[in-house]
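Have a look at the structure below, then the notes.
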Amino acid sequence: MMKKLVTILALTALLSACSNSEKPVENKTSEVTNAAETVSSETKEAKNTTYKGEGFSFSYPESWKSVDTSQLNAAVKAAFSNPSTSAKFADNVNLTIEANASGSVNPEEFANNTADYYVQNGESIGISNYKKTSYSNKPYKEINAGVLEGSYTHSSGTDIVLIQYMIPTNTELYTMTLSYAKDTYNSEEANTILNSLNFTDTLAQTAQTASTENQSSTATVADFFNDLAPFVTSDEAVLEQASYDFFAKHTDLFPAETADLRKKVKGLVNKEVTTRHLNKNVSNYYTEFVSVSGQVIQVEEDNSLGGTFAMVLVEDDYGNYITAIYPASTGDLLDGDYATVIGAPIANYSFENVSGGFTNSTLMGASLIVAE
């Protein structure tokens, strides 16, 4: 079956939902501090330490340990958790930096979409009974930003306070996520960590002017596929430089929204290329538009990134599969329909099927999906 769509923000929740069923190992997630401990702000500051990453820094309690993020999405830049072994949940903090696929710079829009996602899909990622507690504006320097606060029940039965500081530019989304067991939540400590976040490099942002608007859109489209490719394929697929440059060059065609653009992309299709060619050596076709028709096995849509995008699994007449990432809604398209997908191939990968085996598929960035 095709992997469920989960946003990068939901990935931070997965990291935040760590439990302490085993004793901690250096660089692994662990547990909570003593809820009864109260200290002055001066002492708390003295017990903090600062992490300096590439282009950013923030403080955290010096007793917390680094979390190994090597198996997580590349968007997770740093994470730390409490090493106590006395509880079932590890209070923790993480920072993610990802491409802003929607281009929206409204932090409350991101917060509302994220809260809705947790309510609708939280069970699948270990977040039960999510409730939005509040949203507050918290600008980062001259950039509009905000803090989403909520609560949920961890799989261990622990009640969790989840805080996410979202700083969107029109090209990137920067998110600091704090998770505390309700009994150990310390708002003063949490605010200290949030207020310590500092970017030593200028945040990635393109001014929305007539001369630079297209440049911003170009980066966004290419980065959209770049970020989603490894995630939807369990890190099997990555966007090669040739693919990235191709998507950037043809940003106006992803998706092809007007009649003229649809006509244009249809005219660019290399009609000689089939899924059999892609299966043989997909790298030969990174810079080609190809067309694949077949039965829709599964179609899913998601709107938690500020705009709708879809994933469509299609089986063609040769019995071969493609998995299309489409940066728009598919309209009335449903499972079982017959459709044509036009786009650029990204990589070959495999996914687990319902029989317990694996099915090979070609991942594509879709420009146009048409129901027949």
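How things are named: the first chain in the structure tokens is A, the next is B, and so on; residues count from 1 in each chain; ligands count from 1 in the order shown.
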Picked from range 30-230 of chain A by DSSP as helix (DSSP H, G or I), as a ChimeraX atom specification: /A:41-46,107-125,182-184,187-196,213-230
Which of range 63-252 of chain A fall in strand (DSSP E or B), as JSON, numbers by chain: {"A": [65, 66, 76, 77, 78, 79, 80, 81, 89, 92, 93, 94, 95, 96, 97, 98, 99, 128, 129, 130, 131, 132, 133, 134, 135, 136, 137, 140, 143, 146, 147, 148, 149, 150, 151, 152, 153, 159, 160, 161, 162, 163, 164, 165, 166, 167, 168, 172, 173, 174, 175, 176, 177, 178, 179, 180, 181, 198, 199]}
Using C-alpha atoms, can you write the selected residues to a file as a compact mmCIF listing (two decimals), in the first residue's frame?
```txt
# COMPACT_ATOMS: atom_id res chain seq x y z
CA LYS A 65 21.26 14.90 25.89
CA SER A 66 21.54 15.06 22.10
CA VAL A 76 15.29 17.85 11.59
CA LYS A 77 18.44 19.86 12.29
CA ALA A 78 18.89 19.28 16.04
CA ALA A 79 17.10 17.59 18.96
CA PHE A 80 17.70 17.16 22.68
CA SER A 81 15.81 15.27 25.39
CA PHE A 89 8.10 10.16 28.40
CA ASN A 92 12.41 17.26 24.48
CA VAL A 93 13.07 20.01 21.95
CA ASN A 94 13.81 19.86 18.22
CA LEU A 95 14.33 22.31 15.37
CA THR A 96 13.28 21.70 11.76
CA ILE A 97 14.00 23.71 8.62
CA GLU A 98 12.03 22.76 5.51
CA ALA A 99 10.99 24.20 2.19
CA SER A 128 -4.33 10.77 20.51
CA ASN A 129 -6.99 13.27 21.61
CA TYR A 130 -5.13 16.30 20.30
CA LYS A 131 -6.62 19.63 21.39
CA LYS A 132 -5.46 23.07 20.36
CA THR A 133 -4.93 25.16 23.49
CA SER A 134 -3.94 28.51 22.03
CA TYR A 135 -2.20 30.42 19.29
CA SER A 136 -0.23 33.61 19.89
CA ASN A 137 1.78 35.89 17.64
CA TYR A 140 11.05 36.77 15.09
CA ILE A 143 9.35 38.26 10.39
CA GLY A 146 3.62 32.48 16.05
CA VAL A 147 3.35 29.82 18.73
CA LEU A 148 0.84 26.96 18.59
CA GLU A 149 0.13 25.25 21.91
CA GLY A 150 -1.82 22.05 22.29
CA SER A 151 -2.13 18.84 24.26
CA TYR A 152 -2.45 15.16 23.44
CA THR A 153 -2.18 11.70 24.98
CA ASP A 159 -0.63 13.60 28.89
CA ILE A 160 1.64 15.81 26.79
CA VAL A 161 1.96 19.57 26.26
CA LEU A 162 3.06 20.29 22.67
CA ILE A 163 4.41 23.73 21.74
CA GLN A 164 5.47 24.70 18.21
CA TYR A 165 7.11 28.03 17.32
CA MET A 166 6.57 28.55 13.58
CA ILE A 167 8.57 31.08 11.59
CA PRO A 168 7.57 31.04 7.90
CA GLU A 172 11.40 28.18 4.19
CA LEU A 173 9.49 27.16 7.33
CA TYR A 174 11.47 27.16 10.58
CA THR A 175 9.83 25.30 13.48
CA MET A 176 10.99 24.77 17.05
CA THR A 177 8.95 22.05 18.80
CA LEU A 178 8.87 21.54 22.57
CA SER A 179 7.17 18.55 24.21
CA TYR A 180 6.66 18.08 27.94
CA ALA A 181 4.81 15.58 30.05
CA ASN A 198 18.62 32.75 17.15
CA PHE A 199 19.55 32.50 13.50
```
Among listed residues A:Thr258, A:Asn360, A:Thr340, A:Asn303, nearest Asn113 in chain A (using only C-alpha atoms): A:Asn303
Polymer residues at most 8 Å from range 263-274 of chain A, only C-alpha atoms, same-chain spacing of 4 or more positions, as a ChimeraX atom specification: /A:253,256,259,278,288-292,342,367
Thr200 in chain A surroundings by only C-alpha atoms, 12 Å radius, close-in-sequence under 6 positions cut, as a ChimeraX atom specification: /A:52-58
Length of the CA of Asp227 in chain A to CA of Leu239 in chain A vector [Å]: 8.5 Å
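Between CA of Phe224 in chain A and CA of Thr275 in chain A there is a distance of 23.7 Å.
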Neighbour list for Asn279 in chain A as a ChimeraX atom specification, cut-off 10 Å, only C-alpha atoms, skip fewer than 5 positions in-chain: /A:274,320-321,347-349,360-362
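Atom to atom, CA of Thr184 in chain A and CA of Asn82 in chain A stand 11.1 Å apart.
Of the listed residues A:Gly319, A:Gly307, A:Pro327, A:Gly357, the one whose atoms come nearest to Gly103 in chain A is A:Gly307, with distances taken using only C-alpha atoms.
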Test item: residues at most 10 Å from Glu236 in chain A, only C-alpha atoms, excluding those fewer than 2 positions along its chain, as a list in words: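 Once the nearby chain positions are removed, what remains is Ala229, Pro230, Phe231, Val232, Thr233, Ser234, Val238, Ala347, Asn348, Tyr349, Ser350 and Phe351 of chain A.
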Restricting the output to C-alpha atoms, write the selected residues as a compact mmCIF listing (two decimals), in the first residue's frame.
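Written output follows (part33.txt):
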```
# COMPACT_ATOMS: atom_id res chain seq x y z
CA ALA A 229 10.82 12.39 -2.31
CA PRO A 230 12.82 10.77 0.53
CA PHE A 231 9.93 11.01 2.95
CA VAL A 232 7.26 9.25 0.87
CA THR A 233 9.73 6.50 -0.11
CA SER A 234 11.12 5.82 3.37
CA VAL A 238 16.47 11.31 -3.41
CA ALA A 347 13.67 7.64 -8.86
CA ASN A 348 12.78 3.96 -8.70
CA TYR A 349 11.89 2.54 -5.29
CA SER A 350 9.79 -0.19 -3.68
CA PHE A 351 6.98 -0.19 -1.11
```
Within 12 Å of range 246-249 of chain A using only C-alpha atoms, minus same-chain residues under 5 positions, as a ChimeraX atom specification: /A:214-226,239-241,254-255,285-289,343-346,364-367
